[in-house]
Amino acid sequence: MSALLETEALTVRFGGILANADISIGVNEGEILGLIGPNGAGKSTLFNLVAGTYRPTSGRIRFEGRDITRLPPAVRCKLGIARTFQVVKSFETMSVLENVVVGALVRLTSTRTAREEAYRVLDVTGLTRRAEANARDLTPPEKRRLEVARALATQPKLLLLDEVLTGLTPAEAQKGVELVRKIRELGVTVVMVEHVMEVVMPLVDRAIVLDLGRVLVQGAPQAIVRDPKVIQAYLGDRFHA
Amino acid sequence: MASAFETRRRNQLIIAAAVVAVMIALPLGVKDVYVQNILVLTVMYAALSQAWNILSGYCGQISLGHALYFGIGAYASTLLFVKFGIIPWFGMAAGGIFAAAIALLVGWPCFRLGGHYFTIATIVLAEIGLILFLNWSYAGEASGLQIPVSGDSWLTFTFLRSKLPYYYFALGLAAVVWLVTYFIEDSKWGYYWRAVRENTMAAQSLGVQVFRSKMAAAALSAFFTAIGGSFYAQFVSYIDPDSVMVFQFSLLMALPAVIGGIGTLWGPPLGAAILIPFTELTRSYMGGGGKGTDLIFYGAVIMIIALARPEGLLSLVTRTRHAPP
Amino acid sequence: MANAATIAQILMSGLLMGLIYALIAAGLSLIFGLMDVVNFAHGEFLMTAMYATFGLVVLLSLDPLVLSPIVAAIMFVVGAFCYRVIIVHAMRARTNVGMVQVFATFGLAIVIRGLAQFVFTPDYRSIPKSWLGGQTFSIFGVYMPAPQLAGALASLLAFGALWLLMKRTDFGKALEATREDAGAVGLVGIDRNRVFAMGWGLGAALVGLAGAILSIFYYIHPDVGGPFALIAYVTVALGGFGSVFGALAAGVIVGIVEAISATVLQPSMKAIGIYAVYLLVVFLRPRGLFGH
């Protein structure tokens with residue numbers, strides 16, 4: 001498997017705070033990668049660096065071999081990187097279908113074909129029967145699905161999910177896990193930032209643990225979970241083995 | 001599923017055709033110049049408000065300085081006509097293109113501004129335009145420009161005997177801007193503009209080039225606003241900065257859209273149809289003697305509508321398009 | 001060639017007027033910072049204060065300077081009343097919140113203008129005799145017209161009092177807390193609506209103070225508020241929405257820029273200087289000088 005995305009010594013400073021320091025990781029094509037770590041570890045920062053919302057102080061990001069460090073989010077989306085937002089940002093006055101159409105339009109110019117594609121994506125994400133509802137009227141779990149559906153409609157190669165499973169009931173979380181697996185089956189590489197270990201660890205192929213802005217360990221989930229350094233980092237934070 | 005959508009779209013066109021048919025027939029029995037005047041102003045404001053709605057309603061960039069483009073249109077066609085003898089049809093097109101160019105020029109620095117800062121910038125730009133025109137001797141400064149009207153002519157777009165030709169042109173303009181908005185509603189631009197309005201960050205993450213989108217909306221909006229300005233100049237045969245470029249006028253162009261339903265297809269024409277006759281009638285029946293009673297009444301009604309129906313009066317006529325299941 | 005004396009005069013005139021602009025803008029900034037509402041009737045509040053002063057002068061034969069605290073108190077009531085009766089409904093809008101408050105306050109502005117015409121007719125009014133009218137002080141050859149000087153001093157006092165209010169009193173802290181998180185204050189027993197009403201009252205009182213002093217040396221008529229309101233919006237935006245003390249700095253800048261522009265350009269074009277400065281500043285700092 002080739003590296004779809006690579007970061008090289010990525011460092012970000014916000015004022016006096018070193019949010020990410022010297023992070024060099026790779027994301028392999030076709031994998032589901034978990035990005036985990038205690039609060040304040042710098043997961044969101046790294047996530048936003050890859051998405052293009054933040055600019056690094058130093059370092060590089062490469063996507064499919066191409067340097068994207070200076071590229072804005074809209075261009076990264078065209079190249080194939082899509083993301084969801086932790087605090088859901090739906091287009092409230094538009095319908096569920098219209099929300100997803102916006103995503104589809106990055107690849108398709110005709111609104112008719114975009115609508116057809118949107119229906120397909122709604123089917124994958126289980127939102128078909130809500131297609132005509134106003135986004136504003138959705139329940140929070142449904143809004144999360146909409147976030148994912150919208151991003152999926154851009155036909156990404158790499159999908160970045162920001163805490164999509166946090167705060168869900170076990171039943172909803174399980175459905176979420178199935179959705180992520182379905183997405184991977186469609187050929188999309190997934191990077192998930194997560195807190196909810198017991199749900200995420202069975203799902204991901206590989207996990208990268210951040211602590212204090214640096215990469216602590218990376219590897220298979222079963223190994224990570226037993227690693228004493230990881231357990232140490234999480235002391236004081238809720239942790240389920 | 002797809003055909004339900006297409007049916008809805010087709011119905012919009014059918015309704016529009018019916019409305020236009022009624023509007024065409026409406027003034028044929030009207031001889032009273034006063035009433036003709038109200039009709040012309042109503043369709044003119046419908047056109048202007050619909051044009052404003054493109055940038056501020058669909059794209060969500062609230063401009064309270066659109067009088068700038070209206071004034072540019074009015075002055076461009078009038079100057080070309082009065083100083084160079086170029087007929088207003090060309091002048092109108094020139095004014096529209098020039099206004100669109102100005103919109104792009106000012107958009108470049110202004111569209112990086114958010115919310116209120118942007119709105120204040122639009123007000124400021126229109127005020128700058130007002131001051132410049134008030135001090136520009138070539139354009140007549142505060143005295144403005146007079147358009148010579150010798151008789152009825154479609155070539156020079158001036159009419160003495162009746163207001164009806166003006167009415168039909170303005171109706172045509174309103175219909176064109178409505179049609180443009182209709183096509184916007186189901187176009188990539190339309191989706192992108194609404195996405196920019198709702199949430200810029202999310203739009204960007206979905207590949208929307210936000211800056212480019214805003215610029216396109218601004219240029220289109222300015223173009224039609226300017227044509228409205230050129231029309232107005234021909235209609236009243238006299239323009240001066242205080243009638244075409246003042247802040248109050250910017251607000252009046254926005255008001256029908258807000259009253260009727262901002263960001264909707266039918267909001268501006270509905271708002272104009274209700275607001276303009278109401279404004280003129282209050283002024284006539286209550287405005288005499290400078291007692292201000294017309295203002296009190298007019299202001300109170302605007303307040304009440306704005307507070308009671310923030311979504312606009314259109315929501316009284318139609319259910320929200322996407323009712324939850 | 002401008003000499004030192006001329007420059008000093010221009011700067012002084014600009015400073016005095018600028019402080020008055022700051023006072024007018026303060027109320028607008030306070031209301032905005034508190035509840036994210038731009039009051040499009042702010043100019044009409046100023047006009048109301050000027051008419052109130054005029055009316056009280058006619059009725060009580062007292063000097064406008066003496067009346068200014070009374071006018072401020074009257075405007076406090078007017079402001080609180082407008083909130084309770086009108087604005088509270090605008091805040092309830094679920095959609096289009098931005099446009100609702102613009103046009104609700106726009107409608108209010110028209111109503112107030114109509115009322116002024118109704119009660120006082122559109123004729124220009126003025127206060128013929130006052131302690132400060134026509135008087136001038138001078139320091140080192142720089143002239144300071146007494147009314148403008150009084151206005152400037154009143155402005156500084158008002159900002160000082162505002163600072164004390166915000167930092168030292170419970171009300172000020174409630175104001176600040178509501179500013180930070182209007183949703184949460186209910187949890188600690190602060191009545192949001194009461195704070196908003198007081199905020200509107202305070203904002204109106206500040207502009208009332210300015211209006212009382214302006215009435216000494218400005219003609220009073222129903223449309224007098226317009227140009228001042230425009231300057232107030234630009235001042236607030238220049239200083240940064242949400243920063244009341246940013247409005248102080250911005251007001252002074254606006255006053256001085258206006259004075260310089262009136263000399264360098266034609267007087268009829270002096271406003272262009274202010275507008276150009278605004279556009280320049282927000283181009284470099286998209287949230288104004290001190291905005292959040």
# chains A, B, ... in the order shown; residues from 1 in each chain; ligands from 1

$ interface_residues --of "chain B" --to "chain C" --cutoff "7 Å" --atoms "only C-alpha atoms" --output "list of chain:residue names"
B:Pro109, B:Leu113, B:Tyr117, B:Ile120, B:Ala121, B:Val124, B:Ile128, B:Ile131, B:Gly290, B:Lys291, B:Gly292, B:Thr293, B:Leu295, B:Ile296, B:Gly299, B:Ala300, B:Ile302, B:Met303, B:Ala306, B:Leu307, B:Pro310, B:Glu311

$ interface_residues --of "chain A" --to "chain C" --cutoff "12 Å" --atoms "only C-alpha atoms" --output "JSON, numbers by chain"
{"A": [92, 93, 136]}

$ atom_distance --atom1 "CA of Gly251 in chain C" --atom2 "CA of Ala152 in chain C"
11.0 Å

$ interface_residues --of "chain B" --to "chain A" --cutoff "12 Å" --atoms "only C-alpha atoms" --output "JSON, numbers by chain"
{"B": [1, 2, 3, 4, 5, 6, 58, 183, 184, 185, 186, 187, 188, 189, 190, 191, 192, 193, 194, 195, 196, 197, 198, 199, 200, 201, 202, 203, 204, 205, 206, 207, 208, 209, 210, 211, 212, 263, 264, 311, 320, 321, 322, 323, 324, 325]}

$ write_last_selection --atoms "C-alpha atoms" --output "PDB file, in the first residue's frame"
ATOM      1  CA  MET B   1     -38.685  11.545  -6.947  1.00  0.00           C
ATOM      2  CA  ALA B   2     -36.901  13.618  -9.560  1.00  0.00           C
ATOM      3  CA  SER B   3     -40.094  14.386 -11.368  1.00  0.00           C
ATOM      4  CA  ALA B   4     -41.755  15.843  -8.263  1.00  0.00           C
ATOM      5  CA  PHE B   5     -38.971  18.389  -8.252  1.00  0.00           C
ATOM      6  CA  GLU B   6     -39.384  19.057 -11.944  1.00  0.00           C
ATOM      7  CA  TYR B  58     -29.141  34.145  -1.999  1.00  0.00           C
ATOM      8  CA  PHE B 183     -32.374  29.693 -13.269  1.00  0.00           C
ATOM      9  CA  ILE B 184     -30.056  30.502 -10.394  1.00  0.00           C
ATOM     10  CA  GLU B 185     -32.220  28.473  -8.028  1.00  0.00           C
ATOM     11  CA  ASP B 186     -31.346  25.259  -9.844  1.00  0.00           C
ATOM     12  CA  SER B 187     -27.788  25.981 -10.857  1.00  0.00           C
ATOM     13  CA  LYS B 188     -24.353  25.342  -9.432  1.00  0.00           C
ATOM     14  CA  TRP B 189     -24.006  29.059  -8.638  1.00  0.00           C
ATOM     15  CA  GLY B 190     -27.313  29.046  -6.763  1.00  0.00           C
ATOM     16  CA  TYR B 191     -26.305  26.126  -4.583  1.00  0.00           C
ATOM     17  CA  TYR B 192     -22.878  27.577  -3.958  1.00  0.00           C
ATOM     18  CA  TRP B 193     -24.259  31.032  -3.094  1.00  0.00           C
ATOM     19  CA  ARG B 194     -26.633  29.586  -0.567  1.00  0.00           C
ATOM     20  CA  ALA B 195     -23.852  27.456   0.901  1.00  0.00           C
ATOM     21  CA  VAL B 196     -21.701  30.576   1.285  1.00  0.00           C
ATOM     22  CA  ARG B 197     -24.628  32.303   2.963  1.00  0.00           C
ATOM     23  CA  GLU B 198     -25.272  29.477   5.399  1.00  0.00           C
ATOM     24  CA  ASN B 199     -21.762  28.551   6.439  1.00  0.00           C
ATOM     25  CA  THR B 200     -18.631  29.744   4.708  1.00  0.00           C
ATOM     26  CA  MET B 201     -16.273  27.270   6.375  1.00  0.00           C
ATOM     27  CA  ALA B 202     -18.423  24.279   5.518  1.00  0.00           C
ATOM     28  CA  ALA B 203     -18.772  25.549   1.955  1.00  0.00           C
ATOM     29  CA  GLN B 204     -15.015  25.786   1.589  1.00  0.00           C
ATOM     30  CA  SER B 205     -14.554  22.274   2.888  1.00  0.00           C
ATOM     31  CA  LEU B 206     -16.870  21.114   0.111  1.00  0.00           C
ATOM     32  CA  GLY B 207     -14.859  22.737  -2.622  1.00  0.00           C
ATOM     33  CA  VAL B 208     -16.709  26.039  -2.938  1.00  0.00           C
ATOM     34  CA  GLN B 209     -14.433  28.927  -3.973  1.00  0.00           C
ATOM     35  CA  VAL B 210     -16.081  31.423  -1.662  1.00  0.00           C
ATOM     36  CA  PHE B 211     -14.420  34.588  -2.916  1.00  0.00           C
ATOM     37  CA  ARG B 212     -15.124  33.825  -6.547  1.00  0.00           C
ATOM     38  CA  GLY B 263     -33.552  34.850  -0.430  1.00  0.00           C
ATOM     39  CA  THR B 264     -36.693  33.581  -2.116  1.00  0.00           C
ATOM     40  CA  GLU B 311     -39.231  35.186   7.082  1.00  0.00           C
ATOM     41  CA  THR B 320     -42.161  26.166   3.938  1.00  0.00           C
ATOM     42  CA  ARG B 321     -40.902  24.247   0.953  1.00  0.00           C
ATOM     43  CA  HIS B 322     -39.583  21.327   2.866  1.00  0.00           C
ATOM     44  CA  ALA B 323     -41.967  20.390   5.634  1.00  0.00           C
ATOM     45  CA  PRO B 324     -40.623  17.629   7.882  1.00  0.00           C
ATOM     46  CA  PRO B 325     -42.204  14.200   7.305  1.00  0.00           C
TER      47      PRO B 325
END

$ atom_distance --atom1 "CA of Ile220 in chain C" --atom2 "CA of Arg125 in chain C"
4.9 Å

$ select_by_dssp --residues "range 85-230 of chain A" --states "alpha helix (DSSP H)" --output "ChimeraX atom specification"
/A:96-104,111-124,140-152,170-185,197-200,221-226,228-230

$ residues_around --residues "Trp200 in chain C" --least-positions-apart "6" --cutoff "7 Å" --atoms "only C-alpha atoms" --output "PyMOL selection string"
chain C and resi 31+79-80+83

$ closest_residue --among "A:Glu178, A:Asp22, A:Glu64, A:Asp162" --to "Gly34 in chain A" --atoms "only C-alpha atoms"
A:Asp162

$ atom_distance --atom1 "CA of Leu210 in chain A" --atom2 "CA of Gly30 in chain A"
21.9 Å

$ residues_around --residues "Phe81 in chain B" --least-positions-apart "5" --cutoff "12 Å" --atoms "only C-alpha atoms" --output "PDB file with C-alpha atoms, in the first residue's frame"
ATOM      1  CA  ALA B  74     -28.540  56.346 -14.150  1.00  0.00           C
ATOM      2  CA  TYR B  75     -25.561  58.604 -14.722  1.00  0.00           C
ATOM      3  CA  ALA B  76     -23.813  56.413 -17.277  1.00  0.00           C
ATOM      4  CA  ILE B  86     -25.731  57.782 -27.633  1.00  0.00           C
ATOM      5  CA  ILE B  87     -29.179  56.255 -27.336  1.00  0.00           C
ATOM      6  CA  PRO B  88     -30.117  54.961 -23.883  1.00  0.00           C
ATOM      7  CA  TRP B  89     -30.273  51.333 -25.038  1.00  0.00           C
ATOM      8  CA  PHE B  90     -26.512  51.305 -25.485  1.00  0.00           C
ATOM      9  CA  GLY B  91     -26.107  53.546 -22.478  1.00  0.00           C
ATOM     10  CA  MET B  92     -28.032  51.070 -20.364  1.00  0.00           C
ATOM     11  CA  ALA B  94     -22.705  50.300 -20.850  1.00  0.00           C
ATOM     12  CA  GLY B  95     -23.953  51.354 -17.425  1.00  0.00           C
ATOM     13  CA  LEU B 145     -28.726  66.289 -15.384  1.00  0.00           C
ATOM     14  CA  GLN B 146     -31.837  66.870 -17.432  1.00  0.00           C
ATOM     15  CA  ILE B 147     -32.846  64.541 -20.239  1.00  0.00           C
ATOM     16  CA  PRO B 148     -34.481  66.345 -23.142  1.00  0.00           C
ATOM     17  CA  VAL B 149     -37.884  64.874 -23.922  1.00  0.00           C
ATOM     18  CA  LEU B 155     -35.347  54.916 -30.047  1.00  0.00           C
ATOM     19  CA  THR B 156     -34.482  57.461 -27.406  1.00  0.00           C
ATOM     20  CA  PHE B 157     -36.705  55.702 -24.879  1.00  0.00           C
ATOM     21  CA  THR B 158     -38.564  58.854 -23.925  1.00  0.00           C
ATOM     22  CA  SER B 230     -30.782  53.815 -16.393  1.00  0.00           C
ATOM     23  CA  ALA B 233     -33.338  58.200 -15.474  1.00  0.00           C
ATOM     24  CA  GLN B 234     -35.321  57.867 -18.658  1.00  0.00           C
ATOM     25  CA  SER B 237     -36.045  62.650 -17.238  1.00  0.00           C
TER      26      SER B 237
END

$ residues_around --residues "Asn37 in chain B" --least-positions-apart "6" --cutoff "10 Å" --atoms "only C-alpha atoms" --output "NGL selection string"
:B and (162-164 or 166-167 or 235 or 277 or 280)

$ write_last_selection --atoms "C-alpha atoms" --output "PDB file, in the first residue's frame"
ATOM      1  CA  SER B 162     -48.292  58.090 -21.451  1.00  0.00           C
ATOM      2  CA  LYS B 163     -46.373  56.176 -18.818  1.00  0.00           C
ATOM      3  CA  LEU B 164     -47.376  52.826 -20.255  1.00  0.00           C
ATOM      4  CA  TYR B 166     -42.150  52.758 -19.340  1.00  0.00           C
ATOM      5  CA  TYR B 167     -44.354  50.334 -17.456  1.00  0.00           C
ATOM      6  CA  PHE B 235     -38.563  57.583 -16.715  1.00  0.00           C
ATOM      7  CA  PRO B 277     -48.651  51.024  -3.541  1.00  0.00           C
ATOM      8  CA  GLU B 280     -47.474  55.923  -2.328  1.00  0.00           C
TER       9      GLU B 280
END

$ select_by_dssp --residues "range 54-166 of chain A" --states "strand (DSSP E or B)" --output "mmCIF file with N, CA, C and O atoms, in the first residue's frame"
data_model
loop_
_atom_site.group_PDB
_atom_site.id
_atom_site.type_symbol
_atom_site.label_atom_id
_atom_site.label_comp_id
_atom_site.auth_asym_id
_atom_site.auth_seq_id
_atom_site.Cartn_x
_atom_site.Cartn_y
_atom_site.Cartn_z
ATOM 1 N N SER A 58 5.897 25.294 10.349
ATOM 2 C CA SER A 58 6.933 24.709 9.498
ATOM 3 C C SER A 58 6.549 23.268 9.197
ATOM 4 O O SER A 58 5.736 22.665 9.896
ATOM 5 N N GLY A 59 7.170 22.728 8.171
ATOM 6 C CA GLY A 59 6.861 21.351 7.797
ATOM 7 C C GLY A 59 6.069 21.299 6.511
ATOM 8 O O GLY A 59 5.682 22.327 5.960
ATOM 9 N N ARG A 60 5.819 20.093 6.043
ATOM 10 C CA ARG A 60 5.109 19.921 4.777
ATOM 11 C C ARG A 60 4.031 18.859 4.876
ATOM 12 O O ARG A 60 4.092 17.976 5.720
ATOM 13 N N ILE A 61 3.093 18.976 3.973
ATOM 14 C CA ILE A 61 2.087 17.924 3.820
ATOM 15 C C ILE A 61 2.060 17.533 2.352
ATOM 16 O O ILE A 61 2.029 18.403 1.471
ATOM 17 N N ARG A 62 2.076 16.228 2.108
ATOM 18 C CA ARG A 62 2.016 15.751 0.725
ATOM 19 C C ARG A 62 0.815 14.831 0.544
ATOM 20 O O ARG A 62 0.572 13.956 1.362
ATOM 21 N N PHE A 63 0.088 15.068 -0.534
ATOM 22 C CA PHE A 63 -1.058 14.241 -0.841
ATOM 23 C C PHE A 63 -0.857 13.662 -2.225
ATOM 24 O O PHE A 63 -0.680 14.395 -3.191
ATOM 25 N N ARG A 66 1.987 15.077 -3.987
ATOM 26 C CA ARG A 66 2.001 16.496 -4.330
ATOM 27 C C ARG A 66 2.004 17.350 -3.058
ATOM 28 O O ARG A 66 1.274 17.078 -2.113
ATOM 29 N N ASP A 67 2.802 18.376 -3.033
ATOM 30 C CA ASP A 67 2.900 19.251 -1.867
ATOM 31 C C ASP A 67 1.648 20.122 -1.767
ATOM 32 O O ASP A 67 1.406 20.971 -2.616
ATOM 33 N N ILE A 81 -9.567 15.546 -0.780
ATOM 34 C CA ILE A 81 -9.610 15.474 0.676
ATOM 35 C C ILE A 81 -10.899 16.111 1.161
ATOM 36 O O ILE A 81 -11.167 17.272 0.900
ATOM 37 N N ALA A 82 -11.714 15.348 1.888
ATOM 38 C CA ALA A 82 -12.959 15.886 2.428
ATOM 39 C C ALA A 82 -12.945 15.746 3.935
ATOM 40 O O ALA A 82 -12.207 14.925 4.471
ATOM 41 N N ARG A 83 -13.736 16.537 4.622
ATOM 42 C CA ARG A 83 -13.724 16.482 6.081
ATOM 43 C C ARG A 83 -15.106 16.766 6.637
ATOM 44 O O ARG A 83 -15.939 17.397 5.986
ATOM 45 N N SER A 95 -32.524 21.905 2.335
ATOM 46 C CA SER A 95 -32.970 20.556 2.651
ATOM 47 C C SER A 95 -31.759 19.626 2.730
ATOM 48 O O SER A 95 -30.657 19.977 2.312
ATOM 49 N N ASN A 134 -35.882 19.901 6.077
ATOM 50 C CA ASN A 134 -34.921 20.976 6.304
ATOM 51 C C ASN A 134 -33.811 20.482 7.207
ATOM 52 O O ASN A 134 -34.079 19.823 8.208
ATOM 53 N N LEU A 158 -9.684 10.733 0.368
ATOM 54 C CA LEU A 158 -9.371 10.716 1.792
ATOM 55 C C LEU A 158 -10.478 11.434 2.533
ATOM 56 O O LEU A 158 -10.795 12.580 2.233
ATOM 57 N N LEU A 159 -11.091 10.759 3.487
ATOM 58 C CA LEU A 159 -12.168 11.367 4.263
ATOM 59 C C LEU A 159 -11.710 11.529 5.702
ATOM 60 O O LEU A 159 -11.287 10.564 6.341
ATOM 61 N N LEU A 160 -11.760 12.760 6.199
ATOM 62 C CA LEU A 160 -11.341 13.046 7.562
ATOM 63 C C LEU A 160 -12.592 13.196 8.422
ATOM 64 O O LEU A 160 -13.404 14.071 8.181
ATOM 65 N N LEU A 161 -12.740 12.346 9.420
ATOM 66 C CA LEU A 161 -13.912 12.378 10.288
ATOM 67 C C LEU A 161 -13.529 12.910 11.662
ATOM 68 O O LEU A 161 -12.664 12.336 12.322
ATOM 69 N N ASP A 162 -14.168 13.998 12.072
ATOM 70 C CA ASP A 162 -13.832 14.627 13.341
ATOM 71 C C ASP A 162 -14.834 14.236 14.414
ATOM 72 O O ASP A 162 -15.914 14.808 14.505
#

$ decode --residues "range 194-207 of chain C" --atoms "N, CA, C and O atoms" --output "PDB file, in the first residue's frame"
ATOM      1  N   ARG C 194     -33.822  42.066  31.420  1.00  0.00           N
ATOM      2  CA  ARG C 194     -33.602  43.264  32.209  1.00  0.00           C
ATOM      3  C   ARG C 194     -32.258  43.902  31.846  1.00  0.00           C
ATOM      4  O   ARG C 194     -32.154  45.115  31.707  1.00  0.00           O
ATOM      5  N   VAL C 195     -31.262  43.074  31.678  1.00  0.00           N
ATOM      6  CA  VAL C 195     -29.933  43.589  31.318  1.00  0.00           C
ATOM      7  C   VAL C 195     -29.966  44.242  29.941  1.00  0.00           C
ATOM      8  O   VAL C 195     -29.415  45.322  29.732  1.00  0.00           O
ATOM      9  N   PHE C 196     -30.658  43.599  29.004  1.00  0.00           N
ATOM     10  CA  PHE C 196     -30.765  44.175  27.667  1.00  0.00           C
ATOM     11  C   PHE C 196     -31.469  45.519  27.713  1.00  0.00           C
ATOM     12  O   PHE C 196     -31.050  46.483  27.066  1.00  0.00           O
ATOM     13  N   ALA C 197     -32.563  45.589  28.473  1.00  0.00           N
ATOM     14  CA  ALA C 197     -33.321  46.838  28.554  1.00  0.00           C
ATOM     15  C   ALA C 197     -32.454  47.943  29.146  1.00  0.00           C
ATOM     16  O   ALA C 197     -32.433  49.075  28.658  1.00  0.00           O
ATOM     17  N   MET C 198     -31.714  47.584  30.200  1.00  0.00           N
ATOM     18  CA  MET C 198     -30.812  48.567  30.803  1.00  0.00           C
ATOM     19  C   MET C 198     -29.720  48.980  29.824  1.00  0.00           C
ATOM     20  O   MET C 198     -29.305  50.134  29.769  1.00  0.00           O
ATOM     21  N   GLY C 199     -29.264  48.002  29.048  1.00  0.00           N
ATOM     22  CA  GLY C 199     -28.233  48.301  28.060  1.00  0.00           C
ATOM     23  C   GLY C 199     -28.730  49.300  27.030  1.00  0.00           C
ATOM     24  O   GLY C 199     -28.037  50.262  26.674  1.00  0.00           O
ATOM     25  N   TRP C 200     -29.958  49.072  26.546  1.00  0.00           N
ATOM     26  CA  TRP C 200     -30.539  50.016  25.601  1.00  0.00           C
ATOM     27  C   TRP C 200     -30.718  51.381  26.243  1.00  0.00           C
ATOM     28  O   TRP C 200     -30.496  52.420  25.637  1.00  0.00           O
ATOM     29  N   GLY C 201     -31.165  51.357  27.500  1.00  0.00           N
ATOM     30  CA  GLY C 201     -31.351  52.618  28.209  1.00  0.00           C
ATOM     31  C   GLY C 201     -30.045  53.376  28.331  1.00  0.00           C
ATOM     32  O   GLY C 201     -29.970  54.579  28.047  1.00  0.00           O
ATOM     33  N   LEU C 202     -29.011  52.653  28.713  1.00  0.00           N
ATOM     34  CA  LEU C 202     -27.699  53.275  28.883  1.00  0.00           C
ATOM     35  C   LEU C 202     -27.181  53.808  27.555  1.00  0.00           C
ATOM     36  O   LEU C 202     -26.694  54.942  27.462  1.00  0.00           O
ATOM     37  N   GLY C 203     -27.324  53.002  26.505  1.00  0.00           N
ATOM     38  CA  GLY C 203     -26.881  53.438  25.182  1.00  0.00           C
ATOM     39  C   GLY C 203     -27.594  54.702  24.743  1.00  0.00           C
ATOM     40  O   GLY C 203     -26.979  55.636  24.222  1.00  0.00           O
ATOM     41  N   ALA C 204     -28.914  54.728  24.983  1.00  0.00           N
ATOM     42  CA  ALA C 204     -29.700  55.904  24.597  1.00  0.00           C
ATOM     43  C   ALA C 204     -29.328  57.109  25.457  1.00  0.00           C
ATOM     44  O   ALA C 204     -29.301  58.242  24.980  1.00  0.00           O
ATOM     45  N   ALA C 205     -29.031  56.860  26.736  1.00  0.00           N
ATOM     46  CA  ALA C 205     -28.652  57.961  27.628  1.00  0.00           C
ATOM     47  C   ALA C 205     -27.358  58.622  27.156  1.00  0.00           C
ATOM     48  O   ALA C 205     -27.232  59.856  27.177  1.00  0.00           O
ATOM     49  N   LEU C 206     -26.418  57.808  26.708  1.00  0.00           N
ATOM     50  CA  LEU C 206     -25.141  58.347  26.221  1.00  0.00           C
ATOM     51  C   LEU C 206     -25.368  59.254  25.016  1.00  0.00           C
ATOM     52  O   LEU C 206     -24.834  60.364  24.940  1.00  0.00           O
ATOM     53  N   VAL C 207     -26.178  58.781  24.074  1.00  0.00           N
ATOM     54  CA  VAL C 207     -26.420  59.608  22.895  1.00  0.00           C
ATOM     55  C   VAL C 207     -27.291  60.807  23.279  1.00  0.00           C
ATOM     56  O   VAL C 207     -27.212  61.869  22.665  1.00  0.00           O
TER      57      VAL C 207
END
